[in-house]
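Trainee: Next up, my_file-v7.tsv (TSV, C-alpha atoms and all ligand atoms).
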chain	number	residue	atom	x	y	z
A	1061	MET	CA	0.00	0.00	0.00
A	1062	VAL	CA	1.23	3.50	-0.84
A	1063	ALA	CA	2.25	5.42	2.29
A	1064	ALA	CA	0.26	8.53	3.22
A	1065	ILE	CA	3.58	10.34	3.50
A	1066	SER	CA	6.99	9.18	2.51
A	1067	VAL	CA	10.04	11.20	3.56
A	1068	ARG	CA	13.37	10.15	2.08
A	1069	GLU	CA	16.82	11.42	3.03
A	1070	LEU	CA	15.37	14.82	3.89
A	1071	ASP	CA	17.84	17.56	4.83
A	1072	LYS	CA	17.27	21.17	5.76
A	1073	THR	CA	19.93	23.80	6.27
A	1074	TYR	CA	18.55	27.31	6.80
A	1075	ALA	CA	20.12	30.32	5.08
A	1076	SER	CA	21.83	31.08	8.40
A	1077	GLY	CA	23.84	27.87	7.89
A	1078	PHE	CA	21.97	26.07	10.68
A	1079	THR	CA	21.13	22.46	9.88
A	1080	ALA	CA	17.66	21.76	11.26
A	1081	LEU	CA	17.05	18.32	9.68
A	1082	LYS	CA	19.53	15.59	8.90
A	1083	SER	CA	18.71	12.75	6.55
A	1084	ILE	CA	15.16	12.10	7.80
A	1085	GLN	CA	13.59	8.83	6.66
A	1086	LEU	CA	9.94	8.37	7.59
A	1087	GLU	CA	6.83	6.64	6.28
A	1088	ILE	CA	3.42	7.57	7.66
A	1089	ARG	CA	0.74	4.95	7.10
A	1090	HIS	CA	-2.78	5.69	5.97
A	1091	GLY	CA	-5.23	5.94	8.84
A	1092	GLU	CA	-2.76	6.10	11.70
A	1093	ILE	CA	-2.23	8.65	14.43
A	1094	PHE	CA	1.47	9.44	14.42
A	1095	ALA	CA	2.96	11.55	17.20
A	1096	LEU	CA	6.20	13.39	16.66
A	1097	LEU	CA	7.92	14.07	19.95
A	1098	GLY	CA	10.98	16.15	20.57
A	1099	PRO	CA	12.35	18.91	22.76
A	1100	ASN	CA	12.22	22.59	21.74
A	1101	GLY	CA	14.13	23.29	18.58
A	1102	ALA	CA	14.36	19.60	17.62
A	1103	GLY	CA	13.04	20.26	14.10
A	1104	LYS	CA	9.36	19.24	14.38
A	1105	THR	CA	7.91	22.40	12.87
A	1106	THR	CA	10.59	22.45	10.18
A	1107	LEU	CA	9.66	18.90	9.16
A	1108	ILE	CA	5.93	19.67	9.08
A	1109	SER	CA	6.50	22.93	7.22
A	1110	ILE	CA	8.50	21.14	4.52
A	1111	ILE	CA	5.87	18.41	4.09
A	1112	CYS	CA	3.18	21.11	3.81
A	1113	GLY	CA	5.20	23.05	1.25
A	1114	LEU	CA	5.82	26.09	3.46
A	1115	VAL	CA	9.59	25.65	3.74
A	1116	LYS	CA	11.93	24.46	0.98
A	1117	PRO	CA	14.00	21.36	1.69
A	1118	SER	CA	17.76	21.43	1.05
A	1119	GLY	CA	17.86	17.82	-0.10
A	1120	GLY	CA	15.86	14.61	-0.26
A	1121	GLN	CA	12.31	13.90	-1.33
A	1122	VAL	CA	8.83	13.99	0.19
A	1123	LEU	CA	5.81	12.26	-1.33
A	1124	VAL	CA	2.30	12.96	-0.09
A	1125	ASP	CA	-0.11	10.30	-1.28
A	1126	SER	CA	2.62	9.51	-3.86
A	1127	HIS	CA	2.70	13.15	-5.11
A	1128	ASP	CA	6.08	14.87	-4.96
A	1129	ILE	CA	5.78	18.02	-2.83
A	1130	ILE	CA	7.89	20.02	-5.27
A	1131	THR	CA	7.03	18.79	-8.76
A	1132	GLN	CA	3.37	18.01	-7.89
A	1133	TYR	CA	2.87	20.69	-5.27
A	1134	ARG	CA	-0.85	21.28	-5.86
A	1135	GLN	CA	-1.91	17.64	-5.60
A	1136	ALA	CA	0.34	17.10	-2.59
A	1137	ARG	CA	-0.92	20.20	-0.79
A	1138	ALA	CA	-4.56	19.43	-1.56
A	1139	ALA	CA	-4.24	16.13	0.32
A	1140	ILE	CA	-3.14	17.93	3.49
A	1141	GLY	CA	-4.91	19.94	6.16
A	1142	LEU	CA	-2.68	21.91	8.51
A	1143	VAL	CA	-3.73	23.13	11.93
A	1144	PRO	CA	-1.07	25.64	12.93
A	1145	GLN	CA	0.26	26.23	16.42
A	1146	GLU	CA	-0.76	29.87	16.54
A	1147	ILE	CA	-4.36	31.00	16.30
A	1148	THR	CA	-4.45	32.86	13.00
A	1149	LEU	CA	-8.03	33.74	12.16
A	1150	ASP	CA	-9.92	36.59	10.60
A	1151	SER	CA	-11.77	37.70	13.75
A	1152	PHE	CA	-14.62	39.49	11.98
A	1153	ALA	CA	-15.61	36.68	9.66
A	1154	THR	CA	-18.27	34.25	10.83
A	1155	VAL	CA	-17.39	30.62	11.36
A	1156	TRP	CA	-19.26	29.65	8.19
A	1157	GLN	CA	-17.50	32.31	6.12
A	1158	ALA	CA	-14.11	31.22	7.43
A	1159	VAL	CA	-14.56	27.55	6.53
A	1160	SER	CA	-16.15	28.33	3.15
A	1161	TYR	CA	-13.25	30.63	2.34
A	1162	SER	CA	-10.69	27.95	3.25
A	1163	ARG	CA	-12.42	25.47	0.99
A	1164	GLY	CA	-12.45	27.97	-1.86
A	1165	LEU	CA	-8.70	28.53	-1.51
A	1166	PHE	CA	-8.17	24.98	-2.73
A	1167	GLY	CA	-10.47	25.51	-5.69
A	1168	GLN	CA	-12.99	23.03	-4.33
A	1169	PRO	CA	-16.62	23.52	-5.43
A	1170	ALA	CA	-19.04	24.49	-2.67
A	1171	ASN	CA	-20.29	21.56	-0.62
A	1172	PRO	CA	-22.50	22.87	2.20
A	1173	ALA	CA	-23.43	19.33	3.31
A	1174	TYR	CA	-19.76	18.44	3.88
A	1175	LEU	CA	-19.03	21.69	5.74
A	1176	GLU	CA	-22.10	21.12	7.89
A	1177	LYS	CA	-20.79	17.67	8.82
A	1178	VAL	CA	-17.38	19.12	9.73
A	1179	LEU	CA	-18.96	21.84	11.88
A	1180	ARG	CA	-21.32	19.40	13.56
A	1181	ASN	CA	-18.42	17.03	14.33
A	1182	LEU	CA	-16.58	19.90	15.97
A	1183	SER	CA	-19.66	21.09	17.89
A	1184	LEU	CA	-19.50	24.34	15.92
A	1185	TRP	CA	-22.75	24.06	14.01
A	1186	ASP	CA	-24.66	26.23	16.50
A	1187	LYS	CA	-21.94	28.85	16.22
A	1188	ARG	CA	-21.82	28.97	12.43
A	1189	ASP	CA	-23.19	32.51	12.21
A	1190	LYS	CA	-21.14	33.87	15.08
A	1191	LYS	CA	-18.19	36.17	14.42
A	1192	ILE	CA	-14.93	34.44	15.36
A	1193	VAL	CA	-13.97	37.33	17.62
A	1194	THR	CA	-16.85	36.41	19.93
A	1195	LEU	CA	-15.74	32.79	20.43
A	1196	SER	CA	-13.74	31.37	23.34
A	1197	GLY	CA	-10.12	30.25	22.85
A	1198	GLY	CA	-11.19	26.60	22.73
A	1199	MET	CA	-13.83	27.29	20.09
A	1200	LYS	CA	-11.28	29.24	18.03
A	1201	ARG	CA	-9.04	26.17	18.05
A	1202	ARG	CA	-11.95	24.13	16.74
A	1203	VAL	CA	-12.44	26.68	13.97
A	1204	LEU	CA	-8.78	26.19	13.01
A	1205	ILE	CA	-9.42	22.47	12.69
A	1206	ALA	CA	-12.61	23.04	10.71
A	1207	LYS	CA	-10.72	25.34	8.33
A	1208	ALA	CA	-7.97	22.74	7.91
A	1209	LEU	CA	-10.61	20.11	7.06
A	1210	ALA	CA	-12.69	22.32	4.78
A	1211	HIS	CA	-11.14	21.08	1.52
A	1212	GLU	CA	-11.60	17.39	2.48
A	1213	PRO	CA	-7.95	16.46	3.06
A	1214	ARG	CA	-7.18	12.85	3.97
A	1215	ILE	CA	-4.13	13.84	6.02
A	1216	LEU	CA	-4.25	16.25	8.94
A	1217	PHE	CA	-1.28	17.86	10.65
A	1218	LEU	CA	-1.81	19.21	14.12
A	1219	ASP	CA	1.12	21.27	15.37
A	1220	GLU	CA	0.85	21.34	19.17
A	1221	PRO	CA	-2.94	21.07	19.12
A	1222	THR	CA	-3.42	21.50	22.83
A	1223	ALA	CA	-0.68	23.96	23.78
A	1224	GLY	CA	-2.08	26.23	26.46
A	1225	VAL	CA	-5.44	24.48	26.48
A	1226	ASP	CA	-7.06	23.41	29.76
A	1227	VAL	CA	-7.40	19.75	30.72
A	1228	ALA	CA	-11.11	19.42	29.89
A	1229	LEU	CA	-10.65	20.91	26.45
A	1230	ARG	CA	-7.57	18.78	25.85
A	1231	LYS	CA	-9.64	15.64	26.47
A	1232	ASP	CA	-12.29	16.99	24.09
A	1233	MET	CA	-9.65	17.50	21.43
A	1234	TRP	CA	-8.37	13.97	21.89
A	1235	GLU	CA	-11.88	12.63	21.43
A	1236	LEU	CA	-12.25	14.70	18.31
A	1237	VAL	CA	-8.97	13.51	16.82
A	1238	ARG	CA	-10.02	9.91	17.44
A	1239	ARG	CA	-13.30	10.54	15.65
A	1240	LEU	CA	-11.43	11.98	12.66
A	1241	ARG	CA	-9.20	8.93	12.59
A	1242	ASN	CA	-12.28	6.71	12.65
A	1243	ASP	CA	-13.48	8.63	9.59
A	1244	GLY	CA	-10.26	7.53	7.87
A	1245	VAL	CA	-8.19	10.70	8.27
A	1246	THR	CA	-4.45	10.14	8.84
A	1247	ILE	CA	-3.28	12.31	11.73
A	1248	ILE	CA	0.21	13.58	12.44
A	1249	LEU	CA	0.59	15.58	15.59
A	1250	THR	CA	3.48	17.22	17.35
A	1251	THR	CA	3.25	17.65	21.04
A	1252	HIS	CA	5.16	18.57	24.15
A	1253	TYR	CA	2.63	16.70	26.26
A	1254	ILE	CA	3.95	13.20	26.30
A	1255	GLU	CA	0.77	12.05	27.97
A	1256	GLU	CA	-0.99	13.17	24.79
A	1257	ALA	CA	1.14	10.84	22.67
A	1258	GLU	CA	0.70	8.07	25.21
A	1259	GLU	CA	-3.06	8.50	25.13
A	1260	MET	CA	-3.56	8.84	21.40
A	1261	ALA	CA	-0.75	7.74	19.14
A	1262	ASP	CA	-0.52	4.47	17.27
A	1263	ARG	CA	3.13	5.16	16.47
A	1264	ILE	CA	5.68	7.54	17.85
A	1265	GLY	CA	8.69	9.23	16.32
A	1266	VAL	CA	11.29	10.91	18.52
A	1267	ILE	CA	13.31	13.71	16.97
A	1268	ARG	CA	16.28	15.50	18.48
A	1269	HIS	CA	18.82	17.92	16.99
A	1270	GLY	CA	17.26	17.33	13.56
A	1271	GLU	CA	17.70	13.56	13.66
A	1272	LEU	CA	14.96	10.99	13.95
A	1273	LEU	CA	16.12	8.85	16.86
A	1274	LEU	CA	13.44	6.22	16.52
A	1275	VAL	CA	10.06	5.42	15.05
A	1276	GLU	CA	8.10	2.70	16.74
A	1277	GLU	CA	4.65	1.39	17.59
A	1278	LYS	CA	3.71	2.97	20.91
A	1279	GLN	CA	2.96	-0.38	22.51
A	1280	THR	CA	6.26	-1.88	21.34
A	1281	LEU	CA	8.17	1.14	22.56
A	1282	MET	CA	6.59	1.03	25.97
A	1283	HIS	CA	7.14	-2.68	26.17
A	1284	ARG	CA	10.71	-2.58	24.92
A	1285	LEU	CA	11.95	0.38	26.89
A	1286	GLY	CA	9.50	0.42	29.78
A	1287	LYS	CA	10.50	-0.65	33.25
A	1288	LYS	CA	8.45	-1.87	36.15
A	1289	GLN	CA	9.08	-1.18	39.79
A	1290	LEU	CA	8.05	-3.08	42.86
A	1291	ARG	CA	8.02	-0.87	45.93
A	1292	LEU	CA	7.83	-1.88	49.53
A	1293	GLN	CA	6.91	0.76	52.09
A	1294	LEU	CA	8.70	-0.16	55.32
A	1295	ALA	CA	7.09	0.15	58.75
A	1296	GLU	CA	10.27	1.64	60.25
A	1297	PRO	CA	13.14	3.45	58.56
A	1298	LEU	CA	16.24	1.41	57.78
A	1299	ALA	CA	19.72	2.90	58.20
A	1300	GLN	CA	21.43	0.60	55.73
A	1301	LEU	CA	20.44	-1.97	53.16
A	1302	PRO	CA	21.29	-5.50	54.37
A	1303	PRO	CA	23.66	-7.21	51.87
A	1304	ALA	CA	21.22	-10.13	51.43
A	1305	LEU	CA	18.63	-7.68	50.10
A	1306	ALA	CA	21.13	-5.86	47.89
A	1307	SER	CA	21.90	-9.20	46.23
A	1308	HIS	CA	18.19	-9.46	45.38
A	1309	GLY	CA	18.49	-6.23	43.45
A	1310	LEU	CA	16.66	-4.14	46.04
A	1311	GLN	CA	17.55	-0.50	46.62
A	1312	LEU	CA	16.89	1.65	49.64
A	1313	SER	CA	15.48	5.17	49.36
A	1314	GLU	CA	17.33	8.05	51.01
A	1315	ASP	CA	14.79	8.35	53.82
A	1316	GLY	CA	15.25	4.63	54.51
A	1317	LEU	CA	11.52	3.97	54.18
A	1318	THR	CA	11.17	2.42	50.74
A	1319	LEU	CA	12.73	-0.63	49.15
A	1320	THR	CA	12.57	-0.67	45.35
A	1321	HIS	CA	13.19	-3.40	42.84
A	1322	THR	CA	13.36	-2.24	39.20
A	1323	TYR	CA	13.00	-4.79	36.47
A	1324	ASP	CA	12.50	-5.12	32.77
A	1325	LYS	CA	8.84	-5.51	31.79
A	1326	ARG	CA	9.70	-8.71	29.96
A	1327	GLU	CA	11.03	-10.47	33.08
A	1328	ALA	CA	8.79	-11.74	35.81
A	1329	PRO	CA	10.38	-10.84	39.15
A	1330	ASP	CA	10.62	-13.46	41.88
A	1331	VAL	CA	8.16	-11.69	44.20
A	1332	PRO	CA	7.82	-14.54	46.74
A	1333	GLY	CA	11.65	-14.82	46.92
A	1334	LEU	CA	11.99	-11.07	47.46
A	1335	LEU	CA	9.36	-10.97	50.18
A	1336	GLN	CA	10.93	-14.00	51.87
A	1337	ALA	CA	14.33	-12.22	51.89
A	1338	VAL	CA	12.74	-9.09	53.38
A	1339	HIS	CA	11.04	-11.23	56.02
A	1340	GLU	CA	14.32	-13.05	56.83
A	1341	ALA	CA	16.07	-9.70	57.23
A	1342	GLY	CA	13.57	-9.03	60.04
A	1343	LEU	CA	11.86	-6.15	58.24
A	1344	ARG	CA	8.18	-5.32	58.37
A	1345	TYR	CA	6.43	-3.50	55.55
A	1346	GLN	CA	3.16	-1.59	55.46
A	1347	ASP	CA	2.43	-1.47	51.80
A	1348	ILE	CA	3.54	-2.98	48.52
A	1349	HIS	CA	2.81	-1.74	45.04
A	1350	THR	CA	4.08	-1.92	41.49
A	1351	GLN	CA	4.32	0.85	38.96
A	1352	GLN	CA	5.32	0.90	35.34
A	1353	SER	CA	7.20	3.59	33.50
A	1354	SER	CA	5.22	6.02	31.43
A	1355	LEU	CA	6.09	7.18	27.96
A	1356	GLU	CA	7.43	10.29	29.68
A	1357	ASP	CA	10.04	8.27	31.62
A	1358	ILE	CA	11.05	6.51	28.41
A	1359	PHE	CA	11.29	9.77	26.51
A	1360	VAL	CA	13.37	11.52	29.16
A	1361	HIS	CA	15.68	8.52	29.30
A	1362	LEU	CA	16.07	8.44	25.51
A	1363	ILE	CA	16.80	12.13	25.29
A	1364	GLN	CA	19.37	11.95	28.10
A	1365	GLU	CA	21.05	8.94	26.55
A	1366	THR	CA	21.69	10.81	23.33
A	1367	ALA	CA	22.62	14.15	24.91
B	1	LIG	N1	14.04	30.42	9.44
B	1	LIG	C1	14.99	29.89	10.21
B	1	LIG	N2	16.28	30.26	10.07
B	1	LIG	C2	17.25	29.72	10.84
B	1	LIG	N3	17.03	28.77	11.79
B	1	LIG	C3	15.77	28.37	11.97
B	1	LIG	C4	14.68	28.90	11.18
B	1	LIG	N4	13.53	28.29	11.59
B	1	LIG	C5	13.89	27.42	12.57
B	1	LIG	N5	15.22	27.48	12.79
B	1	LIG	C6	15.99	26.68	13.76
B	1	LIG	O1	15.83	25.31	13.46
B	1	LIG	C7	15.73	24.54	14.65
B	1	LIG	C8	14.47	23.69	14.59
B	1	LIG	O2	13.34	24.55	14.75
B	1	LIG	P1	11.85	23.99	14.74
B	1	LIG	O3	10.94	25.16	14.87
B	1	LIG	O4	11.68	23.09	13.58
B	1	LIG	O5	11.86	23.13	16.08
B	1	LIG	P2	10.63	22.49	16.88
B	1	LIG	O6	11.06	21.09	17.18
B	1	LIG	O7	9.38	22.68	16.14
B	1	LIG	O8	10.64	23.35	18.20
B	1	LIG	P3	9.43	23.81	19.16
B	1	LIG	O9	9.03	22.57	19.90
B	1	LIG	O10	10.11	24.80	20.04
B	1	LIG	O11	8.34	24.37	18.29
B	1	LIG	C9	15.76	25.50	15.81
B	1	LIG	O12	17.07	25.53	16.32
B	1	LIG	C10	15.42	26.84	15.17
B	1	LIG	O13	16.04	27.90	15.84
Once you've parsed the file, please lay out its structure as structure tokens.
Ligand SMILES: Nc1ncnc2c1ncn2[C@@H]1O[C@H](COP(=O)(O)OP(=O)(O)OP(=O)(O)O)[C@@H](O)[C@H]1O
Mentor:
Amino acid sequence: MVAAISVRELDKTYASGFTALKSIQLEIRHGEIFALLGPNGAGKTTLISIICGLVKPSGGQVLVDSHDIITQYRQARAAIGLVPQEITLDSFATVWQAVSYSRGLFGQPANPAYLEKVLRNLSLWDKRDKKIVTLSGGMKRRVLIAKALAHEPRILFLDEPTAGVDVALRKDMWELVRRLRNDGVTIILTTHYIEEAEEMADRIGVIRHGELLLVEEKQTLMHRLGKKQLRLQLAEPLAQLPPALASHGLQLSEDGLTLTHTYDKREAPDVPGLLQAVHEAGLRYQDIHTQQSSLEDIFVHLIQETA
């Protein structure tokens, strides 16, 4: 099957001489939610801007739905909807005017039924005659999405869709993105909120200093790089870890109140053996629990490893 987006050996050096992207290789599959994670300045916006035809690449090739972004710019661009980071809207237009205008920009014939569906999906139908200036920040973000969808693109880029958005609205946006995916739209999002990628993405790409460090299924990534911890809350603080417990791979917290055993998710720890050793050391514990690393832990670890 043809990839939704195919990026080959993509390089970008800005006029200043700064190299923002180095030899990026990436295939985005039709119908997936792909999250691009990376610290500030990693090159996320540069990559999106090149794919959307806003910035010129220095080398390499990008195909959107098998259309070359340079030699077949119109077809490639028509397949894409871009929701920018900044709210850039004509405040005095109504919602309906704004989405109709966006559709017209792509030379698409009027299709009020389609625009109605987009606005209804985004809970904007009731607001269609309202001037954008009168809408809340959250509603304005929805208008940005509606505008990006107005020309019926099959691929949607969301650059930091929930930056500065409150928790309730963020959850709403997640729901909305899932609905779009269920309608068959391929979604690529950049985010600083790792919990957002953890919640939504099918696959994750991590970018740093212009290099794509990895691209992996979220589940595989969390399984491969995730760790689990077994924690024992002691009844009384312990001054020093008994050697017998150290040989079981247990560590003592600084306050002497917690024993921790960290293990790879793929191994099953010998919990009865550990508890027996704790018992034999004459220790009493109040509580025991396990926790597994989040995507955030994995991400921080990856970024530190390559610093
Ligand atoms: N027009 C430009 N000229 C020179 N350097 C630029 C230009 N645009 C971006 N850069 C540099 O390229 C690097 C990548 O920037 P980019 O905006 O792609 O990063 P990002 O990952 O999107 O960051 P953020 O998460 O902060 O939005 C940064 O160091 C930035 O300063």
Trainee: Using all atoms listed in the file, give me every residue within 9 Å of (-11.0, 27.8, 1.6) in file coordinates, as a list in words.
Mentor: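 Every residue inside that radius is included here: Ala1158, Val1159, Ser1160, Tyr1161, Ser1162, Arg1163, Gly1164, Leu1165, Phe1166, Gly1167, Gln1168, Lys1207, Ala1208, Ala1210 and His1211 of chain A.
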Trainee: Please, could you write that set of residues out with C-alpha atoms as a PDB file, keeping the file's coordinate frame?
Mentor:
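Dumped everything to selection-v8.pdb:
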ATOM      1  CA  ALA A1158     -14.110  31.220   7.430  1.00  0.00           C
ATOM      2  CA  VAL A1159     -14.560  27.550   6.530  1.00  0.00           C
ATOM      3  CA  SER A1160     -16.150  28.330   3.150  1.00  0.00           C
ATOM      4  CA  TYR A1161     -13.250  30.630   2.340  1.00  0.00           C
ATOM      5  CA  SER A1162     -10.690  27.950   3.250  1.00  0.00           C
ATOM      6  CA  ARG A1163     -12.420  25.470   0.990  1.00  0.00           C
ATOM      7  CA  GLY A1164     -12.450  27.970  -1.860  1.00  0.00           C
ATOM      8  CA  LEU A1165      -8.700  28.530  -1.510  1.00  0.00           C
ATOM      9  CA  PHE A1166      -8.170  24.980  -2.730  1.00  0.00           C
ATOM     10  CA  GLY A1167     -10.470  25.510  -5.690  1.00  0.00           C
ATOM     11  CA  GLN A1168     -12.990  23.030  -4.330  1.00  0.00           C
ATOM     12  CA  LYS A1207     -10.720  25.340   8.330  1.00  0.00           C
ATOM     13  CA  ALA A1208      -7.970  22.740   7.910  1.00  0.00           C
ATOM     14  CA  ALA A1210     -12.690  22.320   4.780  1.00  0.00           C
ATOM     15  CA  HIS A1211     -11.140  21.080   1.520  1.00  0.00           C
TER      16      HIS A1211
END
Trainee: Which residues form the shell of 10 Å around ligand LIG 1 (chain B) when you count all atoms listed in the file, given as number ranges by chain?
Mentor: A: 1072-1081, 1096-1110, 1115, 1145, 1219-1220, 1250-1252, 1267-1270
Trainee: Output as AutoDock Vina command-line options the centre and edge lengths (Å, one decimal) of the box along x, y and z of the file that holds every listed atom of range 1117-1124 of chain A after adding 5 Å on each side.
Mentor:
--center_x 10.1 --center_y 16.8 --center_z 0.2 --size_x 25.6 --size_y 19.2 --size_z 13.0
Trainee: Compare A:Leu1184, A:Ile1264, A:Ala1206, A:Leu1142 by their minimum atom-to-atom distance to Glu1087 in chain A, counting only C-alpha atoms, and give me the closest one.
Mentor: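 With only C-alpha atoms as the atom set, the closest residue is A:Ile1264.
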Trainee: Please provide the set of residues having any atom within 10 Å of Tyr1323 in chain A, restricted to only C-alpha atoms, with same-chain residues fewer than 4 positions apart removed, written as a list in words.
Mentor: Gly1286, Lys1287, Lys1288, Gln1289, Leu1290, Gly1309, Glu1327, Ala1328, Pro1329 and Gln1352 of chain A
Trainee: Do a neighbour search on Leu1317 in chain A at 8 Å with all atoms listed in the file, toss out local chain neighbours closer than 6 positions, and write the hits as a VMD selection string.
Mentor: chain A and resid 1293 to 1298
Trainee: Restricting the calculation to only C-alpha atoms, which member of A:Tyr1345, A:Trp1234, A:Phe1094, A:Phe1359 is positioned closest to Leu1182 in chain A?
Mentor: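 Closest candidate: A:Trp1234.
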Trainee: Quick one: residues within 12 Å of Leu1334 in chain A, all atoms listed in the file counted, chain neighbours fewer than 2 positions away excluded, as an MDAnalysis selection string?
Mentor: chainID A and resid 1290:1292 1304:1311 1319:1321 1329:1332 1336:1341 1343 1348
Trainee: Just give me the gap between CA of Arg1230 in chain A and CA of Ile1147 in chain A in Å, one decimal is fine.
Mentor: 15.8 Å
Trainee: Can you take the partial range 1157-1178 of chain A, add N, CA and C atoms, and return it as a PDB file, in the coordinates of the input?
Mentor:
ATOM      1  N   GLN A1157     -18.300  31.626   7.161  1.00  0.00           N
ATOM      2  CA  GLN A1157     -17.500  32.310   6.120  1.00  0.00           C
ATOM      3  C   GLN A1157     -16.060  31.813   6.129  1.00  0.00           C
ATOM      4  N   ALA A1158     -15.515  31.629   7.327  1.00  0.00           N
ATOM      5  CA  ALA A1158     -14.110  31.220   7.430  1.00  0.00           C
ATOM      6  C   ALA A1158     -13.889  29.849   6.791  1.00  0.00           C
ATOM      7  N   VAL A1159     -14.778  28.890   7.093  1.00  0.00           N
ATOM      8  CA  VAL A1159     -14.560  27.550   6.530  1.00  0.00           C
ATOM      9  C   VAL A1159     -14.842  27.534   5.028  1.00  0.00           C
ATOM     10  N   SER A1160     -15.843  28.293   4.590  1.00  0.00           N
ATOM     11  CA  SER A1160     -16.150  28.330   3.150  1.00  0.00           C
ATOM     12  C   SER A1160     -14.980  28.929   2.381  1.00  0.00           C
ATOM     13  N   TYR A1161     -14.382  29.972   2.982  1.00  0.00           N
ATOM     14  CA  TYR A1161     -13.250  30.630   2.340  1.00  0.00           C
ATOM     15  C   TYR A1161     -12.076  29.655   2.198  1.00  0.00           C
ATOM     16  N   SER A1162     -11.803  28.905   3.290  1.00  0.00           N
ATOM     17  CA  SER A1162     -10.690  27.950   3.250  1.00  0.00           C
ATOM     18  C   SER A1162     -10.902  26.913   2.160  1.00  0.00           C
ATOM     19  N   ARG A1163     -12.121  26.469   2.020  1.00  0.00           N
ATOM     20  CA  ARG A1163     -12.420  25.470   0.990  1.00  0.00           C
ATOM     21  C   ARG A1163     -12.155  26.061  -0.396  1.00  0.00           C
ATOM     22  N   GLY A1164     -12.617  27.298  -0.579  1.00  0.00           N
ATOM     23  CA  GLY A1164     -12.450  27.970  -1.860  1.00  0.00           C
ATOM     24  C   GLY A1164     -10.988  28.136  -2.247  1.00  0.00           C
ATOM     25  N   LEU A1165     -10.128  28.333  -1.237  1.00  0.00           N
ATOM     26  CA  LEU A1165      -8.700  28.530  -1.510  1.00  0.00           C
ATOM     27  C   LEU A1165      -8.103  27.348  -2.268  1.00  0.00           C
ATOM     28  N   PHE A1166      -8.687  26.172  -2.059  1.00  0.00           N
ATOM     29  CA  PHE A1166      -8.170  24.980  -2.730  1.00  0.00           C
ATOM     30  C   PHE A1166      -8.928  24.697  -4.026  1.00  0.00           C
ATOM     31  N   GLY A1167      -9.746  25.652  -4.432  1.00  0.00           N
ATOM     32  CA  GLY A1167     -10.470  25.510  -5.690  1.00  0.00           C
ATOM     33  C   GLY A1167     -11.538  24.436  -5.647  1.00  0.00           C
ATOM     34  N   GLN A1168     -11.962  24.066  -4.450  1.00  0.00           N
ATOM     35  CA  GLN A1168     -12.990  23.030  -4.330  1.00  0.00           C
ATOM     36  C   GLN A1168     -14.371  23.660  -4.547  1.00  0.00           C
ATOM     37  N   PRO A1169     -15.254  22.986  -5.288  1.00  0.00           N
ATOM     38  CA  PRO A1169     -16.620  23.520  -5.430  1.00  0.00           C
ATOM     39  C   PRO A1169     -17.327  23.516  -4.087  1.00  0.00           C
ATOM     40  N   ALA A1170     -18.313  24.398  -3.941  1.00  0.00           N
ATOM     41  CA  ALA A1170     -19.040  24.490  -2.670  1.00  0.00           C
ATOM     42  C   ALA A1170     -19.670  23.135  -2.334  1.00  0.00           C
ATOM     43  N   ASN A1171     -19.652  22.794  -1.053  1.00  0.00           N
ATOM     44  CA  ASN A1171     -20.290  21.560  -0.620  1.00  0.00           C
ATOM     45  C   ASN A1171     -20.826  21.791   0.800  1.00  0.00           C
ATOM     46  N   PRO A1172     -21.985  22.500   0.885  1.00  0.00           N
ATOM     47  CA  PRO A1172     -22.500  22.870   2.200  1.00  0.00           C
ATOM     48  C   PRO A1172     -22.752  21.650   3.092  1.00  0.00           C
ATOM     49  N   ALA A1173     -23.126  20.521   2.496  1.00  0.00           N
ATOM     50  CA  ALA A1173     -23.430  19.330   3.310  1.00  0.00           C
ATOM     51  C   ALA A1173     -22.157  18.848   4.005  1.00  0.00           C
ATOM     52  N   TYR A1174     -21.025  18.882   3.267  1.00  0.00           N
ATOM     53  CA  TYR A1174     -19.760  18.440   3.880  1.00  0.00           C
ATOM     54  C   TYR A1174     -19.342  19.405   5.001  1.00  0.00           C
ATOM     55  N   LEU A1175     -19.438  20.716   4.720  1.00  0.00           N
ATOM     56  CA  LEU A1175     -19.030  21.690   5.740  1.00  0.00           C
ATOM     57  C   LEU A1175     -19.923  21.581   6.981  1.00  0.00           C
ATOM     58  N   GLU A1176     -21.203  21.290   6.742  1.00  0.00           N
ATOM     59  CA  GLU A1176     -22.100  21.120   7.890  1.00  0.00           C
ATOM     60  C   GLU A1176     -21.638  19.942   8.744  1.00  0.00           C
ATOM     61  N   LYS A1177     -21.244  18.850   8.079  1.00  0.00           N
ATOM     62  CA  LYS A1177     -20.790  17.670   8.820  1.00  0.00           C
ATOM     63  C   LYS A1177     -19.531  18.004   9.642  1.00  0.00           C
ATOM     64  N   VAL A1178     -18.600  18.736   9.012  1.00  0.00           N
ATOM     65  CA  VAL A1178     -17.380  19.120   9.730  1.00  0.00           C
ATOM     66  C   VAL A1178     -17.738  19.964  10.957  1.00  0.00           C
TER      67      VAL A1178
END
